[in-house]
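J.: Right, I'll just put the structure down here and ask away after.
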Amino acid sequence: MSRHSSISSSSLSTKGSAVKKMEVSEGPPGDAEGGEGAAPRGGMGWEMTAFFLVAQMAGAGFLSLPKGVANSGWMGVVMILTFCVGIGFSGTKLGECWVILEERWPERFLGGSRQPYMDIAEKSLGRPGRIVALASVVITLLGGSTVFLILMASFMNELIGSVSVCAWVLVMAAVVMPFTWLGTPKDFWQASVIAVASTAIACFVIFIELMMEIPEDFPPEYRNPTVFSFALGFGAILFAFGGASVFPTIQNDMADRSQFSSSIVFAFGGLMIMYLPVAIGGYVVKGYDVAGNILLGVDTTRWWIKGAIVMEILNLMGTYIISCNPVSQVFEDQLGIEKKFSWRRCVLRSCIVLGEVVVGLAVPSFDKILNLIGGSTVTICSFLLPGIMYLRLCDMKGNWPKRVVPLWERTALILIVCVGVIGGIVSTATAIWDILDPDSMGKSCFVEFNPE
């Protein structure tokens with residue numbers, strides 16, 4: 001419950017009783033194995049939820065942060081801090097949006113949802129809002145998952161160079177595919193723990209290696225950013241915080257969804273501890289010529305770097321599983337596939353993985369996809385929609401307790417939306433231009449498979 005609400009204590013008591021009753025009678029939100037009449041199972045606490053949030057955002061984002069800073073100059077560090085605070089704040093408001101839905105339409109939303117982000121958009125912005133949210137969430141998660149596949153393949157190629165990146169894309173897709181058949185986030189909480197632990201280890205090892213690689217002719221070249229490079233940096237840095245499209249799905253698996261703000265604060269604090277040393281260290285030591293993938297831009301012959309690569313592969317596998325789940329639930333809901341484990345679920349989710357494989361083989365440059373997704377749909381999901389939906393829900397009049405948004409909070413949300421609109425338009429146009437430049441693209445895997 002927001003501290004800005006003027007909801008009476010009796011309303012709180014009634015809502016708490018309703019939540020408890022619903023959880024006992026129907027099981028946890030989004031239960032993949034049960035449905036109506038399922039045995040009651042407790043949802044996640046705010047601590048485990050924070051792990052899922054970190055795992056979702058830190059999967060590939062930190063790898064491109066040094067290049068993002070190099071593209072945008074020292075303003076990139078300012079952007080990292082600004083995005084952390086701004087998107088974190090918007091994330092707390094997105095979490096409150098779901099609490100509002102449960103408050104006002106308990107018969108519809110207390111039992112959870114397969115499409116929580118889209119439900120929030122529809123209740124606040126109508127059918128057009130739902131369509132925009134649906135397109136943005138699906139594109140964000142499918143694009144992000146494709147990036148994870150390409151990265152896993154690139155890392156495996158670094159470890160076993162006798163197998164090409166293109167072939168590794170197929171192998172890694174076959175490895176992760178069975179794990180995508182699992183139900184909802186609470187059914188594979190181990191993935192979040194593995195992903196976060198692996199990311200923390202990889203970030204620590206990369207930072208130490210960067211300090212060891214400080215050249216004798218230090219400092220390196222630092223260039224002033226152009227409009228083009230700054231826009232690319234905007235998209236890359238934003239991608240590192242682009243988990244808002246999954247926030248409501250993860251929140252739906254919480255035992256007490258009103259504690260989501262605590263998870264956000266913990267998660268974004270953890271991201272800063274991991275992100276800043278790698279981002280600043282990579283730019284300071286390598287300068288403008290820092291690699292687009294910092295883990296492949298250091299001495300990969302050292303055993304500890306190879307270990308960090310293995311950790312990052314495990315991280316990406318966990319993040320891939322988490323990212324695929326919301327998209328799978330959306331399509332299952334649209335196609336009327338039952339929540340319990342079934343062959344129809346396996347077929348659908350396998351088809352989604354295969355579709356990402358095709359895109360990954362066609363555009364094997366992970367940074368091109370990352371910049372495009374970061375500047376477009378990630379901006380919509382993380383910067384634009386949360387604040388707009390929250391303000392709209394709070395301003396709606398109806399037979400429910402009134403919510404009052406303080407002036408400072410309203411101003412902050414509007415400012416976040418404005419920054420997202422301007423930055424998103426410029427960075428998206430720049431990313432598209434970069435992709436259309438044939439000299440900047442790597443060779444398609446389909447060319448490798450069919451050299452003639």
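Quick note on naming: the chains in the structure tokens go A, B, ... in the order shown, residues restart at 1 in each chain, and ligands are numbered from 1 in order of appearance.
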Name the residues in contact with stretch 193-203 of chain A at a cut-off of 6 Å, using only C-alpha atoms, excluding same-chain residues fewer than 5 positions from it; report them as a list in words.
T.: Ala55, Ala308, Met311, Asn315 and Gly318 of chain A
J.: Distance atom CA of A:Cys351-atom CA of A:Leu170, one decimal place?
T.: 13.4 Å
J.: In Å, how far is it from atom CA of A:Trp168 to atom CA of A:Thr300?
T.: 18.3 Å
J.: One decimal, in Å: what's the spacing between atom CA of A:Cys97 and atom CA of A:Met79?
T.: 25.9 Å
J.: Near A:Gly297, within 9 Å and counting only C-alpha atoms, which residues show up once chain neighbours fewer than 6 positions away are dropped, as an MDAnalysis selection string?
T.: chainID A and resid 286 290:291
J.: For A:Thr249, which residue among A:Met57, A:Leu314, A:Met118, A:Leu101 is the nearest when counting only C-alpha atoms?
T.: A:Met118
J.: List the spatial neighbours of A:Leu142 as a ChimeraX atom specification - criterion: any atom at most 9 Å away, only C-alpha atoms, same-chain residues fewer than 6 positions off excluded.
T.: /A:323-324,327,352-353,355-356
J.: Excluding same-chain residues fewer than 2 positions from stretch 419-421 of chain A, what lies within 7 Å of it counting only C-alpha atoms, as an MDAnalysis selection string?
T.: chainID A and resid 379 383:384 415:417 423:425
J.: Near A:Asn71, within 9 Å and counting only C-alpha atoms, which residues show up once chain neighbours fewer than 2 positions away are dropped, as a PyMOL selection string?
T.: chain A and resi 66-69+73+76+223-226+228-234+288
J.: Return as a ChimeraX atom specification the full set of residues in stretch 353-438 of chain A whose backbone-based DSSP assignment is helix (DSSP H, G or I).
T.: /A:353-362,366-375,377-395,407-436,438
J.: Rank A:Asn252, A:Val138, A:Val175, A:Ser350 by their smallest atom-to-atom distance to A:Phe109, using only C-alpha atoms, and report the top residue only.
T.: A:Asn252
J.: Please identify all polymer residues within 12 Å of stretch 277-284 of chain A, counting only C-alpha atoms, omitting same-chain residues fewer than 5 positions from it, and present them as a VMD selection string.
T.: chain A and resid 61 to 81 199 to 215 218 to 223 233 236 to 237 240 271 to 272 289 to 298
J.: From the list A:Pro326, A:Gly243, A:Pro106, A:Gly287, which residue is nearest A:Ala58 when using only C-alpha atoms?
T.: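 The closest residue to A:Ala58 is A:Gly243.
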J.: Using only C-alpha atoms, which residue out of A:Gly336, A:Gly375, A:Gly111, A:Gly126 lies closest to A:Met254?
T.: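 With only C-alpha atoms as the atom set, the closest residue is A:Gly111.
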J.: Using only C-alpha atoms, which of A:Ile273, A:Val171, A:Leu182, A:Ile264 sits nearest A:Arg349?
T.: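 Closest to A:Arg349 of all the choices is A:Leu182.
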J.: Using only C-alpha atoms, what does the table of stretch 103-213 of chain A residues within 9 Å of stretch 395-410 of chain A look like, with each row giving the shortest atom pair and its distance in Å to one decimal, sorted by chain and ascending number, as JSON lines?
T.:
```
{"residue": "A:Glu103", "atom": "CA", "partner": "A:Trp400", "partner_atom": "CA", "distance": 8.1}
{"residue": "A:Arg104", "atom": "CA", "partner": "A:Trp400", "partner_atom": "CA", "distance": 6.4}
{"residue": "A:Ser124", "atom": "CA", "partner": "A:Met396", "partner_atom": "CA", "distance": 8.3}
```
J.: Store the residues picked out above in a file with N, CA and C atoms, as a PDB file, in the first residue's frame.
T.:
```pdb
ATOM      1  N   GLU A 103      -6.619  -4.210  -5.416  1.00  0.00           N
ATOM      2  CA  GLU A 103      -7.500  -3.438  -4.547  1.00  0.00           C
ATOM      3  C   GLU A 103      -8.863  -3.197  -5.185  1.00  0.00           C
ATOM      4  N   ARG A 104      -8.831  -2.788  -6.440  1.00  0.00           N
ATOM      5  CA  ARG A 104     -10.049  -2.317  -7.104  1.00  0.00           C
ATOM      6  C   ARG A 104     -10.831  -3.443  -7.783  1.00  0.00           C
ATOM      7  N   SER A 124      -5.420   0.845 -17.114  1.00  0.00           N
ATOM      8  CA  SER A 124      -5.054   2.246 -16.993  1.00  0.00           C
ATOM      9  C   SER A 124      -5.201   3.013 -18.303  1.00  0.00           C
TER      10      SER A 124
END
```
J.: Using only C-alpha atoms for the distances, tell me which of A:Phe52, A:Met152, A:Gly183, A:Ile120 is nearest to A:Ile100.
T.: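 Using only C-alpha atoms, A:Ile100 sits closest to A:Ile120.
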